[in-house]
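J.: The structure that follows is given in the form of C-alpha coordinates.
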Amino acid sequence: MTIIHSSAPTRPETPSTFVPPSPAVKAALRAYVTKTTQQRLDAGLYPDGRIRDMAAYARHLRNGGQA
(Lines give C-alpha, C1' and ligand atoms only; values in the text may rest on other atoms or scores of the structure.)
Protein backbone atom coordinates (compact mmCIF):
# COMPACT_ATOMS: atom_id res chain seq x y z
CA MET A 1 0.00 0.00 0.00
CA THR A 2 1.36 3.38 -1.00
CA ILE A 3 0.73 6.46 1.11
CA ILE A 4 0.45 9.65 -0.92
CA HIS A 5 1.71 12.73 0.89
CA SER A 6 0.57 16.17 -0.07
CA SER A 7 3.29 18.54 -1.15
CA ALA A 8 4.48 21.38 1.05
CA PRO A 9 2.83 24.74 0.48
CA THR A 10 4.52 26.76 -2.23
CA ARG A 11 4.57 29.90 -0.10
CA PRO A 12 4.53 30.34 3.66
CA GLU A 13 1.18 31.07 5.27
CA THR A 14 0.81 34.58 6.60
CA PRO A 15 -0.76 35.08 10.02
CA SER A 16 -4.25 36.51 10.19
CA THR A 17 -4.54 40.27 10.60
CA PHE A 18 -8.12 40.11 11.90
CA VAL A 19 -8.72 42.32 14.94
CA PRO A 20 -12.05 41.77 16.69
CA PRO A 21 -14.18 44.91 17.12
CA SER A 22 -14.22 46.58 20.49
CA PRO A 23 -17.33 46.36 22.72
CA ALA A 24 -18.14 50.00 21.89
CA VAL A 25 -18.13 49.25 18.16
CA LYS A 26 -20.25 46.13 18.70
CA ALA A 27 -22.77 48.15 20.70
CA ALA A 28 -22.92 50.86 18.01
CA LEU A 29 -23.49 48.28 15.27
CA ARG A 30 -26.17 46.54 17.34
CA ALA A 31 -27.96 49.86 17.93
CA TYR A 32 -27.82 50.70 14.21
CA VAL A 33 -29.22 47.31 13.19
CA THR A 34 -31.99 47.52 15.79
CA LYS A 35 -32.96 51.03 14.64
CA THR A 36 -32.88 50.09 10.95
CA THR A 37 -34.92 46.93 11.55
CA GLN A 38 -37.56 48.88 13.47
CA GLN A 39 -37.73 51.51 10.72
CA ARG A 40 -38.30 48.80 8.12
CA LEU A 41 -41.02 47.16 10.20
CA ASP A 42 -42.72 50.54 10.71
CA ALA A 43 -42.59 51.11 6.94
CA GLY A 44 -44.42 47.84 6.25
CA LEU A 45 -41.35 45.86 5.24
CA TYR A 46 -39.68 42.71 6.49
CA PRO A 47 -36.17 43.26 7.93
CA ASP A 48 -34.63 42.00 4.67
CA GLY A 49 -36.53 44.63 2.63
CA ARG A 50 -39.40 42.60 1.18
CA ILE A 51 -42.86 44.20 1.39
CA ARG A 52 -44.83 42.86 4.37
CA ASP A 53 -47.81 45.25 4.52
CA MET A 54 -48.62 47.00 1.25
CA ALA A 55 -50.92 49.58 2.90
CA ALA A 56 -48.26 50.57 5.45
CA TYR A 57 -45.63 50.68 2.71
CA ALA A 58 -47.84 52.92 0.56
CA ARG A 59 -48.34 55.25 3.56
CA HIS A 60 -44.58 55.27 4.06
CA LEU A 61 -44.03 56.29 0.43
CA ARG A 62 -46.74 58.98 0.55
CA ASN A 63 -45.05 60.46 3.64
CA GLY A 64 -41.84 60.88 1.68
CA GLY A 65 -40.08 57.89 3.21
CA GLN A 66 -40.99 58.68 6.80
CA ALA A 67 -42.69 56.00 8.92
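Residue numbering restarts at 1 for every chain of the C-alpha coordinates, chains are lettered A, B, ... in their displayed order, and ligands are numbered from 1 as they appear.
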Give the alpha helix (DSSP H) residues of chain A, as DSSP finds them on the backbone, and put them as a list of chain:residue names.
T.: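 In chain A, DSSP puts these residues in alpha helix (DSSP H): A:Pro23, A:Ala24, A:Val25, A:Lys26, A:Ala27, A:Ala28, A:Leu29, A:Arg30, A:Ala31, A:Tyr32, A:Val33, A:Thr34, A:Lys35, A:Thr36, A:Thr37, A:Gln38, A:Gln39, A:Arg40, A:Leu41, A:Asp42, A:Met54, A:Ala55, A:Ala56, A:Tyr57, A:Ala58, A:Arg59, A:His60, A:Leu61, A:Arg62.
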J.: Give me, as a PyMOL selection string, all polymer residues having an atom no more than 9 Å from segment 56-60 of chain A, counting only C-alpha atoms and skipping those fewer than 3 positions away in the same chain.
T.: chain A and resi 42-45+51-53+63-67
